[in-house]
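Novice: I am sharing my_file-v9.cif, which consists of mmCIF, C-alpha atoms and all ligand atoms:
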data_start
loop_
_atom_site.label_atom_id
_atom_site.label_comp_id
_atom_site.auth_asym_id
_atom_site.auth_seq_id
_atom_site.Cartn_x
_atom_site.Cartn_y
_atom_site.Cartn_z
CA MET A 1 7.93 33.16 24.23
CA ALA A 2 4.14 32.91 24.31
CA LEU A 3 2.63 29.70 25.63
CA THR A 4 -0.95 28.53 25.11
CA ILE A 5 -2.44 26.08 27.62
CA ILE A 6 -5.69 24.21 27.04
CA GLY A 7 -7.24 22.30 29.90
CA THR A 8 -9.80 22.19 32.66
CA MET A 9 -10.45 24.83 35.29
CA ALA A 10 -12.46 23.09 37.93
CA PHE A 11 -13.63 22.39 41.42
CA ASP A 12 -12.22 19.31 43.12
CA ALA A 13 -13.16 17.36 46.23
CA LEU A 14 -10.16 15.52 47.62
CA GLU A 15 -9.43 12.97 50.25
CA THR A 16 -5.89 12.01 51.20
CA PRO A 17 -4.65 10.13 54.26
CA PHE A 18 -3.88 13.59 55.69
CA GLY A 19 -7.17 15.38 55.23
CA LYS A 20 -10.25 16.07 53.21
CA VAL A 21 -11.60 19.07 51.31
CA ASP A 22 -15.07 19.23 49.78
CA ARG A 23 -14.53 22.04 47.30
CA ILE A 24 -11.22 23.46 46.21
CA ILE A 25 -10.01 25.04 42.98
CA GLY A 26 -8.47 22.53 40.59
CA GLY A 27 -8.24 21.62 36.94
CA SER A 28 -5.37 20.69 34.68
CA ALA A 29 -5.02 24.16 33.13
CA THR A 30 -5.17 25.87 36.53
CA TYR A 31 -2.22 23.92 37.90
CA ALA A 32 -0.26 24.14 34.64
CA ALA A 33 -0.72 27.91 34.38
CA TRP A 34 0.35 28.53 37.97
CA ALA A 35 3.48 26.41 37.50
CA ALA A 36 4.39 27.91 34.11
CA SER A 37 3.82 31.47 35.34
CA TYR A 38 7.11 31.37 37.25
CA PHE A 39 9.02 30.97 33.97
CA THR A 40 7.29 32.56 31.02
CA THR A 41 4.84 35.19 29.90
CA PRO A 42 2.36 35.58 28.30
CA ILE A 43 0.44 32.41 29.07
CA ARG A 44 -2.76 32.11 27.09
CA GLN A 45 -5.45 30.04 28.69
CA VAL A 46 -8.15 28.12 26.81
CA SER A 47 -10.81 26.65 29.05
CA ILE A 48 -14.45 26.76 30.09
CA VAL A 49 -16.00 27.46 33.47
CA GLY A 50 -19.47 28.03 34.87
CA GLY A 51 -20.71 31.20 36.57
CA ASP A 52 -19.76 29.52 39.86
CA PHE A 53 -16.00 29.79 39.20
CA PRO A 54 -14.53 32.51 41.45
CA LYS A 55 -13.52 35.70 39.64
CA GLU A 56 -10.66 36.15 42.15
CA GLU A 57 -9.02 32.95 40.89
CA ILE A 58 -9.00 34.30 37.36
CA LYS A 59 -7.75 37.67 38.56
CA ALA A 60 -4.92 36.05 40.54
CA LEU A 61 -3.71 34.31 37.39
CA GLU A 62 -4.14 37.48 35.32
CA ASP A 63 -1.85 39.23 37.78
CA ARG A 64 0.78 36.62 36.90
CA GLY A 65 0.61 37.24 33.15
CA VAL A 66 -2.10 34.76 32.19
CA GLU A 67 -4.47 35.90 29.43
CA PHE A 68 -8.09 34.75 29.32
CA ASP A 69 -9.39 35.76 25.87
CA GLY A 70 -9.84 32.00 25.30
CA LEU A 71 -11.82 31.38 28.49
CA GLU A 72 -15.53 30.74 28.00
CA ILE A 73 -17.70 31.55 30.99
CA VAL A 74 -21.17 30.01 30.95
CA PRO A 75 -23.07 32.24 33.42
CA ASP A 76 -25.79 29.74 34.33
CA GLY A 77 -23.59 26.63 34.00
CA LYS A 78 -21.61 24.66 36.57
CA SER A 79 -17.85 24.22 36.36
CA PHE A 80 -16.23 20.82 35.82
CA PHE A 81 -16.16 18.87 39.08
CA TRP A 82 -13.84 16.02 39.97
CA SER A 83 -13.48 14.11 43.18
CA GLY A 84 -10.68 11.74 44.03
CA LYS A 85 -9.48 9.64 46.93
CA TYR A 86 -5.85 8.68 47.41
CA HIS A 87 -4.62 5.36 48.68
CA MET A 88 -2.12 5.16 51.54
CA ASP A 89 0.86 5.14 49.12
CA MET A 90 -0.33 8.52 47.68
CA ASN A 91 0.75 7.31 44.24
CA THR A 92 -2.55 5.74 43.36
CA ARG A 93 -6.03 7.18 43.58
CA ASP A 94 -9.59 6.45 42.64
CA SER A 95 -11.67 8.96 40.71
CA LEU A 96 -14.95 9.00 42.62
CA ILE A 97 -16.90 11.56 40.60
CA THR A 98 -16.24 13.17 37.22
CA ASP A 99 -19.03 15.65 36.49
CA LEU A 100 -18.27 17.21 33.13
CA ASN A 101 -20.93 19.95 33.54
CA VAL A 102 -19.98 22.84 31.17
CA LEU A 103 -17.12 20.75 29.80
CA ALA A 104 -19.67 18.55 28.03
CA GLN A 105 -20.50 21.48 25.70
CA PHE A 106 -16.94 22.81 25.35
CA ASP A 107 -16.19 23.86 21.80
CA PRO A 108 -13.06 25.98 22.23
CA LYS A 109 -12.42 28.97 20.02
CA ILE A 110 -8.80 29.94 19.64
CA PRO A 111 -8.70 33.75 19.63
CA ASP A 112 -6.68 35.48 16.90
CA SER A 113 -4.52 36.96 19.65
CA TYR A 114 -3.32 33.40 20.51
CA GLN A 115 -2.36 32.41 16.97
CA ASP A 116 1.31 33.34 17.27
CA SER A 117 2.06 31.20 20.36
CA ASP A 118 5.27 29.20 19.91
CA TYR A 119 4.49 26.66 22.59
CA LEU A 120 1.28 24.72 23.09
CA MET A 121 0.21 22.48 25.91
CA LEU A 122 -2.82 20.32 25.24
CA GLY A 123 -3.69 19.65 28.86
CA ASN A 124 -5.77 16.75 30.05
CA LEU A 125 -9.09 17.18 28.25
CA ALA A 126 -11.39 15.29 25.89
CA PRO A 127 -9.29 14.26 22.85
CA ALA A 128 -11.95 15.71 20.50
CA VAL A 129 -11.43 19.11 22.14
CA GLN A 130 -7.64 18.77 21.86
CA MET A 131 -8.13 17.93 18.17
CA SER A 132 -10.38 20.93 17.56
CA VAL A 133 -7.67 23.20 18.98
CA LEU A 134 -5.07 21.73 16.61
CA ASP A 135 -7.46 22.20 13.68
CA GLN A 136 -7.84 25.91 14.44
CA LEU A 137 -4.13 26.73 14.42
CA LYS A 138 -3.07 28.74 11.38
CA GLU A 139 0.59 27.95 11.99
CA ARG A 140 2.09 25.00 13.80
CA PRO A 141 3.74 26.02 17.10
CA LYS A 142 7.40 25.06 17.66
CA LEU A 143 6.43 22.45 20.22
CA ILE A 144 3.12 20.78 21.01
CA ILE A 145 2.93 18.69 24.14
CA MET A 146 -0.05 16.62 25.17
CA ASP A 147 -1.25 15.27 28.48
CA THR A 148 -4.05 12.76 28.90
CA MET A 149 -5.33 10.18 31.35
CA ASN A 150 -6.90 6.72 31.64
CA PHE A 151 -10.41 8.27 31.67
CA TRP A 152 -10.01 9.35 28.03
CA MET A 153 -8.30 6.09 27.03
CA ASP A 154 -11.39 4.28 28.32
CA ILE A 155 -13.97 6.36 26.47
CA ALA A 156 -12.24 8.01 23.47
CA LEU A 157 -9.22 5.92 22.51
CA ASP A 158 -9.52 6.30 18.73
CA THR A 159 -9.66 10.09 18.79
CA LEU A 160 -6.85 10.12 21.33
CA LYS A 161 -4.71 8.14 18.88
CA ASP A 162 -5.55 10.62 16.11
CA VAL A 163 -4.38 13.51 18.30
CA LEU A 164 -1.19 11.61 19.13
CA LYS A 165 -0.25 11.63 15.43
CA ARG A 166 -0.12 15.43 15.53
CA VAL A 167 1.86 16.21 18.69
CA ASP A 168 5.58 16.32 19.47
CA LEU A 169 5.55 15.02 23.01
CA LEU A 170 3.22 12.91 25.14
CA LEU A 171 3.19 13.04 28.92
CA VAL A 172 1.64 10.08 30.71
CA ASN A 173 2.15 8.24 33.95
CA ASP A 174 3.46 4.68 34.04
CA GLY A 175 0.01 3.09 34.40
CA GLU A 176 -1.35 5.10 31.48
CA ALA A 177 1.66 4.23 29.27
CA ARG A 178 1.00 0.55 29.98
CA GLN A 179 -2.74 0.90 29.34
CA LEU A 180 -2.14 2.73 26.05
CA THR A 181 0.34 0.19 24.68
CA GLY A 182 -0.33 -3.10 26.45
CA GLU A 183 3.39 -3.22 27.28
CA TYR A 184 4.59 -3.70 30.85
CA SER A 185 8.15 -2.54 30.11
CA LEU A 186 8.30 1.25 30.06
CA PRO A 187 11.03 1.47 27.36
CA LYS A 188 8.90 -0.80 25.16
CA ALA A 189 5.80 1.25 25.93
CA ALA A 190 7.66 4.48 25.08
CA LYS A 191 8.80 2.96 21.79
CA LYS A 192 5.25 2.00 20.87
CA ILE A 193 3.98 5.47 21.77
CA ARG A 194 6.66 7.03 19.58
CA GLU A 195 5.46 4.81 16.73
CA MET A 196 2.01 6.37 17.27
CA GLY A 197 3.32 9.89 16.56
CA PRO A 198 5.18 11.88 19.23
CA LYS A 199 8.97 12.04 18.87
CA TYR A 200 9.31 12.53 22.61
CA VAL A 201 7.64 10.64 25.45
CA ILE A 202 7.76 11.50 29.13
CA ILE A 203 6.63 8.80 31.53
CA LYS A 204 5.94 10.09 35.05
CA LYS A 205 6.40 7.64 37.89
CA GLY A 206 5.04 9.62 40.83
CA GLU A 207 7.43 9.53 43.76
CA HIS A 208 9.93 7.61 41.59
CA GLY A 209 10.62 10.44 39.15
CA ALA A 210 10.21 10.64 35.39
CA LEU A 211 11.74 9.22 32.22
CA LEU A 212 12.24 11.09 28.94
CA PHE A 213 12.56 9.03 25.76
CA HIS A 214 13.72 10.35 22.40
CA GLY A 215 15.28 8.25 19.63
CA ASP A 216 17.72 5.95 21.39
CA LYS A 217 18.24 8.43 24.25
CA ILE A 218 16.74 8.13 27.73
CA PHE A 219 16.99 10.59 30.61
CA SER A 220 15.94 9.52 34.07
CA ALA A 221 15.08 12.28 36.54
CA PRO A 222 14.53 11.59 40.22
CA ALA A 223 11.66 12.88 42.32
CA LEU A 224 12.68 14.62 45.48
CA PRO A 225 12.14 12.32 48.47
CA LEU A 226 9.81 14.66 50.38
CA GLU A 227 9.03 14.01 54.01
CA ASP A 228 5.54 15.43 53.82
CA VAL A 229 3.34 14.85 50.81
CA PHE A 230 0.00 16.35 51.62
CA ASP A 231 -2.01 16.20 48.37
CA PRO A 232 -0.64 14.86 45.06
CA THR A 233 -3.48 16.38 43.00
CA GLY A 234 -2.15 18.50 40.20
CA ALA A 235 1.41 17.21 40.48
CA GLY A 236 1.29 15.97 36.89
CA ASP A 237 -0.11 19.24 35.58
CA SER A 238 2.38 21.30 37.59
CA PHE A 239 5.12 19.12 36.15
CA ALA A 240 3.84 19.77 32.64
CA GLY A 241 3.45 23.51 33.28
CA GLY A 242 6.94 23.83 34.74
CA PHE A 243 8.38 21.74 31.89
CA ILE A 244 6.85 23.69 29.01
CA GLY A 245 7.11 27.00 30.87
CA TYR A 246 10.86 26.54 31.07
CA LEU A 247 11.15 25.46 27.41
CA SER A 248 9.15 28.52 26.43
CA ARG A 249 11.37 30.76 28.56
CA THR A 250 14.60 29.38 27.07
CA ASP A 251 13.15 28.78 23.59
CA ASP A 252 15.35 25.71 23.21
CA CYS A 253 13.79 22.32 22.49
CA SER A 254 17.01 20.30 22.38
CA PHE A 255 17.16 17.03 24.31
CA GLU A 256 19.74 18.58 26.68
CA ASN A 257 17.47 21.50 27.50
CA MET A 258 14.52 19.15 27.94
CA LYS A 259 16.54 17.47 30.71
CA ALA A 260 16.72 20.80 32.52
CA ALA A 261 13.03 21.40 31.83
CA ILE A 262 12.19 18.05 33.45
CA ILE A 263 14.02 19.12 36.59
CA LEU A 264 12.06 22.39 36.62
CA GLY A 265 8.84 20.43 36.08
CA SER A 266 9.74 18.07 38.92
CA THR A 267 10.53 21.08 41.10
CA MET A 268 7.08 22.59 40.55
CA ALA A 269 5.43 19.21 41.18
CA SER A 270 7.36 18.86 44.43
CA PHE A 271 5.96 22.19 45.64
CA CYS A 272 2.44 21.41 44.45
CA VAL A 273 2.06 18.37 46.72
CA GLU A 274 2.97 20.29 49.87
CA LYS A 275 -0.51 21.81 50.31
CA PHE A 276 -4.05 21.07 49.20
CA GLY A 277 -4.99 22.28 45.72
CA PRO A 278 -2.80 24.85 43.93
CA ASN A 279 -2.25 26.82 47.16
CA ARG A 280 1.47 26.17 47.47
CA LEU A 281 2.03 27.13 43.84
CA LYS A 282 0.51 30.53 44.51
CA GLU A 283 3.04 31.67 47.07
CA LEU A 284 6.45 30.66 45.72
CA THR A 285 9.48 32.90 45.39
CA SER A 286 12.28 32.59 42.82
CA ALA A 287 14.71 31.93 45.67
CA GLU A 288 12.65 28.95 46.84
CA ILE A 289 12.49 27.56 43.32
CA GLU A 290 16.23 27.95 42.80
CA ALA A 291 17.00 26.32 46.15
CA ARG A 292 14.83 23.35 45.27
CA VAL A 293 16.44 22.97 41.85
CA ASN A 294 19.77 22.81 43.66
CA GLU A 295 18.42 20.03 45.87
CA PHE A 296 17.62 18.09 42.71
CA ILE A 297 21.09 18.70 41.32
CA LYS A 298 22.62 17.43 44.57
CA LEU A 299 20.41 14.40 44.51
CA MET A 300 21.65 13.49 41.05
CA GLU A 301 25.35 14.05 41.77
CA VAL A 302 27.54 11.02 41.45
CA ASN A 303 31.27 10.72 41.21
CA ILE A 304 32.46 7.23 40.48
CA GLU A 305 35.55 5.83 38.91
CA VAL A 306 35.20 2.36 37.60
CA SER A 307 38.37 0.37 37.39
CA LEU A 308 37.95 -3.27 36.57
CA ALA A 309 41.60 -4.12 36.21
CA VAL A 310 41.12 -7.68 37.32
CA ASN A 311 38.91 -9.81 35.16
CA TYR A 312 36.91 -12.46 36.89
P1 LIG B 1 -3.25 15.48 38.14
O1 LIG B 1 -3.25 15.15 39.61
O2 LIG B 1 -2.04 16.21 37.68
O3 LIG B 1 -3.60 14.31 37.29
O4 LIG B 1 -4.44 16.55 37.93
C1 LIG B 1 -5.57 16.61 38.72
C2 LIG B 1 -6.52 17.65 38.15
O5 LIG B 1 -7.06 17.18 36.92
C3 LIG B 1 -7.69 17.92 39.07
O6 LIG B 1 -7.61 19.24 39.54
C4 LIG B 1 -8.94 17.69 38.24
O7 LIG B 1 -9.85 18.76 38.28
C5 LIG B 1 -8.44 17.48 36.84
N1 LIG B 1 -9.07 16.31 36.20
C6 LIG B 1 -9.46 15.15 36.78
N2 LIG B 1 -10.04 14.33 35.90
C7 LIG B 1 -10.00 14.98 34.71
C8 LIG B 1 -10.45 14.67 33.38
N3 LIG B 1 -11.07 13.51 33.09
N4 LIG B 1 -10.22 15.58 32.41
C9 LIG B 1 -9.60 16.74 32.68
N5 LIG B 1 -9.19 17.12 33.89
C10 LIG B 1 -9.38 16.25 34.91
#
Here is the file; what I need is its structure written in the form of structure tokens.
Ligand code: AMP

Specialist:
Amino acid sequence: MALTIIGTMAFDALETPFGKVDRIIGGSATYAAWAASYFTTPIRQVSIVGGDFPKEEIKALEDRGVEFDGLEIVPDGKSFFWSGKYHMDMNTRDSLITDLNVLAQFDPKIPDSYQDSDYLMLGNLAPAVQMSVLDQLKERPKLIIMDTMNFWMDIALDTLKDVLKRVDLLLVNDGEARQLTGEYSLPKAAKKIREMGPKYVIIKKGEHGALLFHGDKIFSAPALPLEDVFDPTGAGDSFAGGFIGYLSRTDDCSFENMKAAIILGSTMASFCVEKFGPNRLKELTSAEIEARVNEFIKLMEVNIEVSLAVNY
């Protein structure tokens, strides 16, 4: 099934306890497209870059079935730039610089060739831009998922809440779920988010896995305890790309299949953090992906018999 992804394509500067890079390819849509490309085709990208964005990066994604009719290139503009520094726990980070550059003028146009996409990922982007994309759709896709972050909650909360009313699933991390709802308890936060619109909520907890909430059902997926986490940047976007890429591949949005999709999302996130930027995501094989999914399955295996014959 066709999948449309809207998000940033960017340059990042990153500092982790294990190293530093001054300029590397990043962006929410870049990571999501790489992750999704292992599961589904075509992927239709909607983004904006400056003339400084390398053509080879676009070509590499094109070779994996990503379409760019919805990519605006501003020849004399600069691409979105973000710089972040991770704390020792690698779960928390500070955004040091967010230079919107061409993103400040982004007014996406959904090409006619994208109109029949069944799956839509509104990647982390200004809520007004996410809204404009929804307004341009002639038919509602089968599933609309939305990612966001604290940055947009701080500066565009009202529009963000308007977008929430129109999507099926929200992906946030634990801190963002708490910020959005004022609830410390994640089940309570998920309930409040569902009251805001989305029927499904995924709360990512970094190295502690992810929770999926729908109605009175909860699924808890682990994260793989990796020995070497090099750079967590893009883990959330790779998770989202793997998740919706798998749903698009299987064309099944049941709760049961979403559980599988979460494991595929977690698998792609686990690869993403092994190298700086999207580099690890560019070199995967199906055999590696399958082996890692099996590691997840093993990690979740439990065989207990509870017999409480004696009452205390
Ligand atoms: P993640 O680690 O999954 O949250 O994604 C990190 C990526 O998001 C980086 O490559 C950044 O370029 C991009 N990013 C950072 N801040 C923003 C923002 N405010 N809006 C959109 N994308 C962003």

Novice: Env of Val102 in chain A: 6 Å cut, atoms = only C-alpha atoms, seq-sep filter 6 positions within chain, self excluded. Answer as a count of residues only.

Specialist: 3

Novice: If the limit is 6 Å from any atom of ligand LIG 1 (chain B), counting all atoms listed in the file, which residues qualify? Return them as an mmCIF file with C-alpha atoms, in the frame of the given file.

Specialist:
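File written: part_3.cif
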data_model
loop_
_atom_site.group_PDB
_atom_site.id
_atom_site.type_symbol
_atom_site.label_atom_id
_atom_site.label_comp_id
_atom_site.auth_asym_id
_atom_site.auth_seq_id
_atom_site.Cartn_x
_atom_site.Cartn_y
_atom_site.Cartn_z
ATOM 1 C CA THR A 8 -9.800 22.190 32.660
ATOM 2 C CA ALA A 10 -12.460 23.090 37.930
ATOM 3 C CA ASP A 12 -12.220 19.310 43.120
ATOM 4 C CA GLY A 26 -8.470 22.530 40.590
ATOM 5 C CA GLY A 27 -8.240 21.620 36.940
ATOM 6 C CA SER A 28 -5.370 20.690 34.680
ATOM 7 C CA TRP A 82 -13.840 16.020 39.970
ATOM 8 C CA ASN A 124 -5.770 16.750 30.050
ATOM 9 C CA LEU A 125 -9.090 17.180 28.250
ATOM 10 C CA PHE A 151 -10.410 8.270 31.670
ATOM 11 C CA THR A 233 -3.480 16.380 43.000
ATOM 12 C CA GLY A 234 -2.150 18.500 40.200
ATOM 13 C CA ALA A 235 1.410 17.210 40.480
ATOM 14 C CA GLY A 236 1.290 15.970 36.890
ATOM 15 C CA ASP A 237 -0.110 19.240 35.580
#

Novice: Looking at all atoms listed in the file, which of A:Phe255, A:Phe81, A:Trp152, A:Phe230 is the one that sits closest to Pro278 in chain A?

Specialist: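 Ranked by minimum distance to Pro278 in chain A, first place goes to A:Phe230.
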
Novice: I need the residue nearest Ile58 in chain A from this list: A:Leu299, A:Leu143, A:Ala29, A:Leu186. Use all atoms listed in the file for the distance.

Specialist: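 Using all atoms listed in the file, the shortest distance to Ile58 in chain A belongs to A:Ala29.
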
Novice: I'd like to know which of A:Gly277, A:Pro222, A:Pro198, A:Pro108 is closest to Ala210 in chain A, using only C-alpha atoms.

Specialist: A:Pro222

Novice: Have a look at A:Ala269, A:Met149, A:Ala128, A:Val172 and name the one nearest to Leu212 in chain A; count only C-alpha atoms.

Specialist: A:Val172

Novice: Mind pulling up the distance from CA of Gly65 in chain A to CA of Asp251 in chain A?

Specialist: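 Answer for the CA of Asp251 in chain A to CA of Gly65 in chain A separation: 17.9 Å.
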
Novice: Could you tell me how far CA of Glu295 in chain A lies from CA of Ser220 in chain A, in Å and to one decimal?

Specialist: 16.0 Å

Novice: Within 12 Å of range 177-180 of chain A, which residues of range 55-170 of chain A come that close, and what is the closest atom pair and distance in Å for each? Count all atoms listed in the file and give it as JSON lines.

Specialist:
{"residue": "A:Asp147", "atom": "CA", "partner": "A:Ala177", "partner_atom": "CA", "distance": 11.4}
{"residue": "A:Thr148", "atom": "CA", "partner": "A:Ala177", "partner_atom": "CA", "distance": 10.3}
{"residue": "A:Met149", "atom": "CA", "partner": "A:Ala177", "partner_atom": "CA", "distance": 9.4}
{"residue": "A:Asn150", "atom": "CA", "partner": "A:Gln179", "partner_atom": "CA", "distance": 7.5}
{"residue": "A:Phe151", "atom": "CA", "partner": "A:Gln179", "partner_atom": "CA", "distance": 10.9}
{"residue": "A:Trp152", "atom": "CA", "partner": "A:Leu180", "partner_atom": "CA", "distance": 10.5}
{"residue": "A:Met153", "atom": "CA", "partner": "A:Leu180", "partner_atom": "CA", "distance": 7.1}
{"residue": "A:Asp154", "atom": "CA", "partner": "A:Gln179", "partner_atom": "CA", "distance": 9.3}
{"residue": "A:Ala156", "atom": "CA", "partner": "A:Leu180", "partner_atom": "CA", "distance": 11.7}
{"residue": "A:Leu157", "atom": "CA", "partner": "A:Leu180", "partner_atom": "CA", "distance": 8.5}
{"residue": "A:Asp158", "atom": "CA", "partner": "A:Leu180", "partner_atom": "CA", "distance": 11.0}
{"residue": "A:Leu160", "atom": "CA", "partner": "A:Leu180", "partner_atom": "CA", "distance": 10.0}
{"residue": "A:Lys161", "atom": "CA", "partner": "A:Leu180", "partner_atom": "CA", "distance": 9.3}
{"residue": "A:Leu164", "atom": "CA", "partner": "A:Leu180", "partner_atom": "CA", "distance": 11.3}
{"residue": "A:Leu170", "atom": "CA", "partner": "A:Ala177", "partner_atom": "CA", "distance": 9.7}

Novice: Would you write out those residues with C-alpha atoms, as a PDB file, in the frame of the given file?

Specialist:
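Saved the output as again_8.pdb:
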ATOM      1  CA  ASP A 147      -1.250  15.270  28.480  1.00  0.00           C
ATOM      2  CA  THR A 148      -4.050  12.760  28.900  1.00  0.00           C
ATOM      3  CA  MET A 149      -5.330  10.180  31.350  1.00  0.00           C
ATOM      4  CA  ASN A 150      -6.900   6.720  31.640  1.00  0.00           C
ATOM      5  CA  PHE A 151     -10.410   8.270  31.670  1.00  0.00           C
ATOM      6  CA  TRP A 152     -10.010   9.350  28.030  1.00  0.00           C
ATOM      7  CA  MET A 153      -8.300   6.090  27.030  1.00  0.00           C
ATOM      8  CA  ASP A 154     -11.390   4.280  28.320  1.00  0.00           C
ATOM      9  CA  ALA A 156     -12.240   8.010  23.470  1.00  0.00           C
ATOM     10  CA  LEU A 157      -9.220   5.920  22.510  1.00  0.00           C
ATOM     11  CA  ASP A 158      -9.520   6.300  18.730  1.00  0.00           C
ATOM     12  CA  LEU A 160      -6.850  10.120  21.330  1.00  0.00           C
ATOM     13  CA  LYS A 161      -4.710   8.140  18.880  1.00  0.00           C
ATOM     14  CA  LEU A 164      -1.190  11.610  19.130  1.00  0.00           C
ATOM     15  CA  LEU A 170       3.220  12.910  25.140  1.00  0.00           C
TER      16      LEU A 170
END

Novice: Could you tell me how far CA of Gly241 in chain A lies from CA of Ile289 in chain A, in Å and to one decimal?

Specialist: 14.1 Å

Novice: Which one of A:Asp174, A:Ser238, A:Asn311, A:Asp89 sits closest to Lys282 in chain A if you count all atoms listed in the file?

Specialist: A:Ser238

Novice: Determine the nearest neighbour of Lys205 in chain A from the options A:Asn173, A:Gly242, A:Val46, A:Ile218, counting all atoms listed in the file.

Specialist: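 Of A:Asn173, A:Gly242, A:Val46, A:Ile218, the one nearest Lys205 in chain A is A:Asn173, counting all atoms listed in the file.
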
Novice: Please complete range 118-132 of chain A so it has N, CA, C and O atoms, and hand it over as a PDB file, in the coordinates of the input.

Specialist:
ATOM      1  N   ASP A 118       4.245  30.144  20.367  1.00  0.00           N
ATOM      2  CA  ASP A 118       5.270  29.200  19.910  1.00  0.00           C
ATOM      3  C   ASP A 118       5.158  27.853  20.606  1.00  0.00           C
ATOM      4  O   ASP A 118       5.658  26.845  20.138  1.00  0.00           O
ATOM      5  N   TYR A 119       4.563  27.874  21.789  1.00  0.00           N
ATOM      6  CA  TYR A 119       4.490  26.660  22.590  1.00  0.00           C
ATOM      7  C   TYR A 119       3.033  26.376  22.928  1.00  0.00           C
ATOM      8  O   TYR A 119       2.281  27.301  23.248  1.00  0.00           O
ATOM      9  N   LEU A 120       2.673  25.096  22.844  1.00  0.00           N
ATOM     10  CA  LEU A 120       1.280  24.720  23.090  1.00  0.00           C
ATOM     11  C   LEU A 120       1.216  23.507  23.990  1.00  0.00           C
ATOM     12  O   LEU A 120       1.871  22.490  23.731  1.00  0.00           O
ATOM     13  N   MET A 121       0.437  23.637  25.052  1.00  0.00           N
ATOM     14  CA  MET A 121       0.210  22.480  25.910  1.00  0.00           C
ATOM     15  C   MET A 121      -1.264  22.082  25.808  1.00  0.00           C
ATOM     16  O   MET A 121      -2.157  22.840  26.190  1.00  0.00           O
ATOM     17  N   LEU A 122      -1.480  20.879  25.259  1.00  0.00           N
ATOM     18  CA  LEU A 122      -2.820  20.320  25.240  1.00  0.00           C
ATOM     19  C   LEU A 122      -2.978  19.577  26.560  1.00  0.00           C
ATOM     20  O   LEU A 122      -2.549  18.438  26.700  1.00  0.00           O
ATOM     21  N   GLY A 123      -3.549  20.268  27.540  1.00  0.00           N
ATOM     22  CA  GLY A 123      -3.690  19.650  28.860  1.00  0.00           C
ATOM     23  C   GLY A 123      -4.750  18.564  28.827  1.00  0.00           C
ATOM     24  O   GLY A 123      -5.462  18.392  27.832  1.00  0.00           O
ATOM     25  N   ASN A 124      -4.844  17.856  29.923  1.00  0.00           N
ATOM     26  CA  ASN A 124      -5.770  16.750  30.050  1.00  0.00           C
ATOM     27  C   ASN A 124      -7.209  17.209  29.803  1.00  0.00           C
ATOM     28  O   ASN A 124      -7.760  17.980  30.573  1.00  0.00           O
ATOM     29  N   LEU A 125      -7.774  16.710  28.713  1.00  0.00           N
ATOM     30  CA  LEU A 125      -9.090  17.180  28.250  1.00  0.00           C
ATOM     31  C   LEU A 125      -9.590  16.163  27.235  1.00  0.00           C
ATOM     32  O   LEU A 125      -8.793  15.359  26.725  1.00  0.00           O
ATOM     33  N   ALA A 126     -10.857  16.222  26.890  1.00  0.00           N
ATOM     34  CA  ALA A 126     -11.390  15.290  25.890  1.00  0.00           C
ATOM     35  C   ALA A 126     -10.544  15.375  24.613  1.00  0.00           C
ATOM     36  O   ALA A 126     -10.289  16.475  24.113  1.00  0.00           O
ATOM     37  N   PRO A 127     -10.113  14.231  24.068  1.00  0.00           N
ATOM     38  CA  PRO A 127      -9.290  14.260  22.850  1.00  0.00           C
ATOM     39  C   PRO A 127      -9.949  15.024  21.698  1.00  0.00           C
ATOM     40  O   PRO A 127      -9.259  15.688  20.926  1.00  0.00           O
ATOM     41  N   ALA A 128     -11.280  14.986  21.598  1.00  0.00           N
ATOM     42  CA  ALA A 128     -11.950  15.710  20.500  1.00  0.00           C
ATOM     43  C   ALA A 128     -11.717  17.218  20.656  1.00  0.00           C
ATOM     44  O   ALA A 128     -11.585  17.940  19.658  1.00  0.00           O
ATOM     45  N   VAL A 129     -11.656  17.681  21.889  1.00  0.00           N
ATOM     46  CA  VAL A 129     -11.430  19.110  22.140  1.00  0.00           C
ATOM     47  C   VAL A 129      -9.969  19.438  21.806  1.00  0.00           C
ATOM     48  O   VAL A 129      -9.678  20.468  21.173  1.00  0.00           O
ATOM     49  N   GLN A 130      -9.064  18.554  22.195  1.00  0.00           N
ATOM     50  CA  GLN A 130      -7.640  18.770  21.860  1.00  0.00           C
ATOM     51  C   GLN A 130      -7.490  18.845  20.337  1.00  0.00           C
ATOM     52  O   GLN A 130      -6.770  19.700  19.806  1.00  0.00           O
ATOM     53  N   MET A 131      -8.204  17.968  19.628  1.00  0.00           N
ATOM     54  CA  MET A 131      -8.130  17.930  18.170  1.00  0.00           C
ATOM     55  C   MET A 131      -8.658  19.227  17.564  1.00  0.00           C
ATOM     56  O   MET A 131      -8.073  19.787  16.632  1.00  0.00           O
ATOM     57  N   SER A 132      -9.769  19.714  18.109  1.00  0.00           N
ATOM     58  CA  SER A 132     -10.380  20.930  17.560  1.00  0.00           C
ATOM     59  C   SER A 132      -9.421  22.115  17.692  1.00  0.00           C
ATOM     60  O   SER A 132      -9.342  22.976  16.817  1.00  0.00           O
TER      61      SER A 132
END
